[in-house]
Amino acid sequence: MFKSYVLKSKSIIDFFYMFISNIIKKSFGFVREIILAYFFGSSMVYANFLLLKTAADLFSQLTQGSALQASLLSNFSSLYDKGHKVSLSNVLVFSKNLAWKIFLVSQIIQIPLVFYISPENFWLFIMISLVLGLVVSSNFFSSIFLIVIQGKGDFKKFSISTAVDIFVSTVLLYPLSLMFGVVGIAVSRAIGLGVLIYKYFTPIFNETEGYKIGFGMKDINLSIMLLGNFANIIMFLSRFVVGLDAGNSITFFNYSIVLLNVFLTAIIMNVNTIVLRRLSVKKEVKLIVFSFLISLGLGLILVFGVEVYGLSIIKFIFERGAFTSEDTVLTYEFAKDLSISFIFIFIASALFQPFFSIDQKLIRRESSVMASILVLSTLVLFVIFSFTTTSARENSLIMIYSLSFLSVVLASYSSYKYFTIKTI
């Protein structure tokens, strides 16, 4: 009884740290978007930057954050909960080697896209591609060790370190954008990650004594990584589709997603992290139901808030500098059209967590099938779009609604498998 009380109290404290941290990070995120809107508005140079960044982001979502968390957190949590002294030397070597490979692959993806965009300042976008590649590889590297920190249960350190990262990038964004234009956006992000790695991971690099983890590609389930970060992948796919119209619609989509993503990153993802760690140690059905109800409730609140207050919020946040009143209206229309899809995304995100808490070896086949369904569905949609005359805007909405609804179906199935597999 006492142990259960302590666990619940710690979970509340952990959530509090992460919630406050995310409020701070979202505040800085809004400041970043205000700065970007002020400098670039809906300009074509910013639209081209976003399209190039979307390619980097899509690749990045398979190699960082929630995707890696779903694949690795339960393993690290189990080791540290058993009181093992863990050597991370293998983890460090593997992370460094794979980070460089990720950088090279990112360039193979992004540089052809620069040729597709064919911007007037071609070499500027080549430089942006290189910096974005550095950001992608650094994101992967830092995500591994952020998961180690979470696995230790040190959510306070995790919250502070990620807040410092976004603080540094935000503070530097204004002067770097003023001096270097769109390339300053990528450079500010790279510096923020550099500070994070230097300040918070150096002590972890020195943990070389104790049980040596055999860490490699076998420990990373690509299917779980895709399912674990399906929400961001769906959003980036939709952003990529809308950016293919050779216009600036992608800027309005991006500003909309910034607003709609607040509840997902500030509350839903924090709840998911704690649920995943708790379920990795003990089966709690009530926790799953609670997580589902929070996701549904917040989704409905989001739709209502956008419909009633969206225009005023967008005007208050963005309408200054290069961001005009017309941009406000177009962003609001996009936000309204996108908002209901977030109910599906919130629910699916909650329902996937029990499945991710199962031993990776037991769910390899199921995760592979579900990931394949998502990938094939995405390819089918792209094929359909190539034969239709619908606009890029309409295609992006079809993409996000189709894949988010499909994710709910797959997440529901994954919850069913959680109960059946756990009882074997």
# chains A, B, ... in the order shown; residues from 1 in each chain; ligands from 1
call {"tool": "residues_around", "arguments": {"residues": "Ser142 of chain A", "least_positions_apart": "2", "cutoff": "8 Å", "atoms": "only C-alpha atoms", "output": "compact mmCIF listing (two decimals) with C-alpha atoms, in the first residue's frame"}}
result
# COMPACT_ATOMS: atom_id res chain seq x y z
CA SER A 138 22.23 15.63 -33.17
CA ASN A 139 18.55 15.10 -32.41
CA PHE A 140 19.02 11.35 -32.66
CA ILE A 144 19.17 8.34 -26.89
CA PHE A 145 20.58 9.94 -23.74
CA LEU A 146 17.37 11.76 -22.88
CA LEU A 193 21.30 20.98 -29.27
CA LEU A 196 22.16 20.31 -24.41
CA ILE A 197 24.72 17.64 -25.30
call {"tool": "residues_around", "arguments": {"residues": "segment 300-313 of chain A", "least_positions_apart": "6", "cutoff": "9 Å", "atoms": "only C-alpha atoms", "output": "ChimeraX atom specification"}}
result
/A:259-260,263,328-329,331-333,335-336,339-340,342-343
call {"tool": "write_last_selection", "arguments": {"atoms": "N, CA, C and O atoms", "output": "PDB file, in the first residue's frame"}}
result
ATOM      1  N   LEU A 259      -0.233  25.741 -33.269  1.00  0.00           N
ATOM      2  CA  LEU A 259      -1.291  25.968 -32.286  1.00  0.00           C
ATOM      3  C   LEU A 259      -1.949  24.664 -31.856  1.00  0.00           C
ATOM      4  O   LEU A 259      -2.155  24.411 -30.669  1.00  0.00           O
ATOM      5  N   LEU A 260      -2.293  23.823 -32.816  1.00  0.00           N
ATOM      6  CA  LEU A 260      -3.018  22.597 -32.523  1.00  0.00           C
ATOM      7  C   LEU A 260      -2.170  21.589 -31.743  1.00  0.00           C
ATOM      8  O   LEU A 260      -2.705  20.738 -31.026  1.00  0.00           O
ATOM      9  N   PHE A 263      -1.631  20.929 -27.009  1.00  0.00           N
ATOM     10  CA  PHE A 263      -2.131  19.926 -26.070  1.00  0.00           C
ATOM     11  C   PHE A 263      -1.384  18.599 -26.226  1.00  0.00           C
ATOM     12  O   PHE A 263      -1.145  17.904 -25.251  1.00  0.00           O
ATOM     13  N   THR A 328      -3.596  35.800 -41.220  1.00  0.00           N
ATOM     14  CA  THR A 328      -4.338  35.371 -40.035  1.00  0.00           C
ATOM     15  C   THR A 328      -5.575  34.578 -40.423  1.00  0.00           C
ATOM     16  O   THR A 328      -5.848  33.500 -39.882  1.00  0.00           O
ATOM     17  N   VAL A 329      -6.344  35.092 -41.378  1.00  0.00           N
ATOM     18  CA  VAL A 329      -7.578  34.429 -41.820  1.00  0.00           C
ATOM     19  C   VAL A 329      -7.267  33.072 -42.447  1.00  0.00           C
ATOM     20  O   VAL A 329      -7.930  32.062 -42.153  1.00  0.00           O
ATOM     21  N   THR A 331      -4.638  31.167 -41.985  1.00  0.00           N
ATOM     22  CA  THR A 331      -4.164  30.245 -40.955  1.00  0.00           C
ATOM     23  C   THR A 331      -5.333  29.712 -40.125  1.00  0.00           C
ATOM     24  O   THR A 331      -5.392  28.515 -39.801  1.00  0.00           O
ATOM     25  N   TYR A 332      -6.274  30.581 -39.793  1.00  0.00           N
ATOM     26  CA  TYR A 332      -7.455  30.181 -39.017  1.00  0.00           C
ATOM     27  C   TYR A 332      -8.287  29.144 -39.772  1.00  0.00           C
ATOM     28  O   TYR A 332      -8.744  28.149 -39.185  1.00  0.00           O
ATOM     29  N   GLU A 333      -8.475  29.345 -41.066  1.00  0.00           N
ATOM     30  CA  GLU A 333      -9.248  28.391 -41.873  1.00  0.00           C
ATOM     31  C   GLU A 333      -8.579  27.024 -41.885  1.00  0.00           C
ATOM     32  O   GLU A 333      -9.241  25.983 -41.799  1.00  0.00           O
ATOM     33  N   ALA A 335      -6.547  25.876 -39.515  1.00  0.00           N
ATOM     34  CA  ALA A 335      -6.630  25.326 -38.153  1.00  0.00           C
ATOM     35  C   ALA A 335      -7.987  24.684 -37.912  1.00  0.00           C
ATOM     36  O   ALA A 335      -8.085  23.603 -37.305  1.00  0.00           O
ATOM     37  N   LYS A 336      -9.060  25.336 -38.368  1.00  0.00           N
ATOM     38  CA  LYS A 336     -10.405  24.765 -38.222  1.00  0.00           C
ATOM     39  C   LYS A 336     -10.520  23.439 -38.955  1.00  0.00           C
ATOM     40  O   LYS A 336     -11.089  22.470 -38.446  1.00  0.00           O
ATOM     41  N   SER A 339      -8.481  20.637 -37.017  1.00  0.00           N
ATOM     42  CA  SER A 339      -8.651  20.418 -35.577  1.00  0.00           C
ATOM     43  C   SER A 339      -9.270  19.063 -35.223  1.00  0.00           C
ATOM     44  O   SER A 339      -8.811  18.390 -34.285  1.00  0.00           O
ATOM     45  N   ILE A 340     -10.296  18.624 -35.949  1.00  0.00           N
ATOM     46  CA  ILE A 340     -10.967  17.363 -35.592  1.00  0.00           C
ATOM     47  C   ILE A 340     -10.024  16.176 -35.735  1.00  0.00           C
ATOM     48  O   ILE A 340     -10.104  15.200 -34.974  1.00  0.00           O
ATOM     49  N   PHE A 342      -7.139  15.974 -34.788  1.00  0.00           N
ATOM     50  CA  PHE A 342      -6.328  15.854 -33.585  1.00  0.00           C
ATOM     51  C   PHE A 342      -7.018  15.033 -32.502  1.00  0.00           C
ATOM     52  O   PHE A 342      -6.351  14.490 -31.611  1.00  0.00           O
ATOM     53  N   ILE A 343      -8.349  14.943 -32.546  1.00  0.00           N
ATOM     54  CA  ILE A 343      -9.034  14.046 -31.611  1.00  0.00           C
ATOM     55  C   ILE A 343      -8.585  12.614 -31.870  1.00  0.00           C
ATOM     56  O   ILE A 343      -8.264  11.861 -30.942  1.00  0.00           O
TER      57      ILE A 343
END
call {"tool": "closest_residue", "arguments": {"among": "A:Phe382, A:Phe352, A:Thr389, A:Tyr401", "to": "Tyr418 of chain A", "atoms": "only C-alpha atoms"}}
result
A:Phe352
call {"tool": "atom_distance", "arguments": {"atom1": "atom CA of Val114 of chain A", "atom2": "atom CA of Phe49 of chain A"}}
result
9.6 Å
call {"tool": "select_by_dssp", "arguments": {"residues": "segment 85-231 of chain A", "states": "strand (DSSP E)", "output": "number ranges by chain"}}
result
A: 86-87, 211-212
call {"tool": "write_last_selection", "arguments": {"atoms": "N, CA, C and O atoms", "output": "compact mmCIF listing (two decimals), in the first residue's frame"}}
result
# COMPACT_ATOMS: atom_id res chain seq x y z
N VAL A 86 24.81 0.54 -14.41
CA VAL A 86 24.85 0.29 -15.85
C VAL A 86 25.99 1.06 -16.51
O VAL A 86 26.17 2.26 -16.26
N SER A 87 26.75 0.37 -17.36
CA SER A 87 27.77 1.01 -18.18
C SER A 87 27.15 1.40 -19.53
O SER A 87 26.53 0.57 -20.19
N TYR A 211 27.14 -3.06 -15.29
CA TYR A 211 26.59 -3.94 -16.32
C TYR A 211 26.65 -3.25 -17.68
O TYR A 211 26.06 -2.20 -17.88
N LYS A 212 27.39 -3.84 -18.61
CA LYS A 212 27.59 -3.23 -19.93
C LYS A 212 26.45 -3.65 -20.86
O LYS A 212 26.31 -4.83 -21.19
call {"tool": "closest_residue", "arguments": {"among": "A:Glu120, A:Asp337, A:Asp57, A:Asp14", "to": "Ile160 of chain A", "atoms": "only C-alpha atoms"}}
result
A:Asp14
call {"tool": "residues_around", "arguments": {"residues": "Leu124 of chain A", "least_positions_apart": "3", "cutoff": "10 Å", "atoms": "only C-alpha atoms", "output": "VMD selection string"}}
result
chain A and resid 114 119 to 121 127 to 129 180 to 183
call {"tool": "atom_distance", "arguments": {"atom1": "atom CA of Thr54 of chain A", "atom2": "atom CA of Leu351 of chain A"}}
result
26.6 Å
call {"tool": "closest_atom_pairs", "arguments": {"of": "segment 238-259 of chain A", "to": "segment 390-399 of chain A", "cutoff": "7 Å", "atoms": "only C-alpha atoms", "output": "Markdown table"}}
result
| residue | atom | partner | partner_atom | distance |
| --- | --- | --- | --- | --- |
| A:Ser238 | CA | A:Ser396 | CA | 4.5 |
| A:Arg239 | CA | A:Ser396 | CA | 6.8 |
| A:Val241 | CA | A:Ser396 | CA | 5.4 |
| A:Val242 | CA | A:Ala392 | CA | 4.7 |
| A:Leu244 | CA | A:Ala392 | CA | 6.7 |
| A:Asp245 | CA | A:Ala392 | CA | 5.7 |
call {"tool": "residues_around", "arguments": {"residues": "Lys53 of chain A", "least_positions_apart": "5", "cutoff": "10 Å", "atoms": "only C-alpha atoms", "output": "PDB file with N, CA and C atoms, in the first residue's frame"}}
result
ATOM      1  N   ALA A  47       8.493  29.426 -47.287  1.00  0.00           N
ATOM      2  CA  ALA A  47       7.759  28.248 -47.747  1.00  0.00           C
ATOM      3  C   ALA A  47       8.732  27.176 -48.260  1.00  0.00           C
ATOM      4  N   ASN A  48       9.740  27.612 -49.037  1.00  0.00           N
ATOM      5  CA  ASN A  48      10.745  26.665 -49.532  1.00  0.00           C
ATOM      6  C   ASN A  48      11.566  26.069 -48.385  1.00  0.00           C
ATOM      7  N   LEU A  58      10.679  14.628 -41.329  1.00  0.00           N
ATOM      8  CA  LEU A  58      10.135  13.290 -41.567  1.00  0.00           C
ATOM      9  C   LEU A  58      11.170  12.224 -41.245  1.00  0.00           C
ATOM     10  N   PHE A  59      12.377  12.443 -41.708  1.00  0.00           N
ATOM     11  CA  PHE A  59      13.457  11.501 -41.432  1.00  0.00           C
ATOM     12  C   PHE A  59      13.789  11.495 -39.947  1.00  0.00           C
ATOM     13  N   GLN A 110      17.671  15.239 -48.788  1.00  0.00           N
ATOM     14  CA  GLN A 110      17.381  16.671 -48.877  1.00  0.00           C
ATOM     15  C   GLN A 110      17.944  17.346 -50.121  1.00  0.00           C
ATOM     16  N   ILE A 128      21.646  25.267 -45.971  1.00  0.00           N
ATOM     17  CA  ILE A 128      20.568  24.945 -45.041  1.00  0.00           C
ATOM     18  C   ILE A 128      20.414  23.434 -44.908  1.00  0.00           C
ATOM     19  N   SER A 129      20.532  22.729 -46.035  1.00  0.00           N
ATOM     20  CA  SER A 129      20.443  21.270 -46.016  1.00  0.00           C
ATOM     21  C   SER A 129      21.504  20.660 -45.112  1.00  0.00           C
ATOM     22  N   LEU A 132      20.596  21.418 -41.449  1.00  0.00           N
ATOM     23  CA  LEU A 132      19.463  20.586 -41.043  1.00  0.00           C
ATOM     24  C   LEU A 132      19.896  19.134 -40.836  1.00  0.00           C
ATOM     25  N   GLY A 133      20.835  18.669 -41.655  1.00  0.00           N
ATOM     26  CA  GLY A 133      21.372  17.326 -41.467  1.00  0.00           C
ATOM     27  C   GLY A 133      22.074  17.189 -40.128  1.00  0.00           C
ATOM     28  N   ALA A 186      17.933  27.358 -38.768  1.00  0.00           N
ATOM     29  CA  ALA A 186      18.569  26.050 -38.580  1.00  0.00           C
ATOM     30  C   ALA A 186      19.787  26.147 -37.667  1.00  0.00           C
ATOM     31  N   PHE A 236       3.804  15.724 -40.502  1.00  0.00           N
ATOM     32  CA  PHE A 236       4.848  16.115 -41.455  1.00  0.00           C
ATOM     33  C   PHE A 236       4.538  15.629 -42.872  1.00  0.00           C
ATOM     34  N   PHE A 240       4.184  18.062 -45.945  1.00  0.00           N
ATOM     35  CA  PHE A 240       4.943  17.843 -47.170  1.00  0.00           C
ATOM     36  C   PHE A 240       4.011  17.894 -48.386  1.00  0.00           C
TER      37      PHE A 240
END
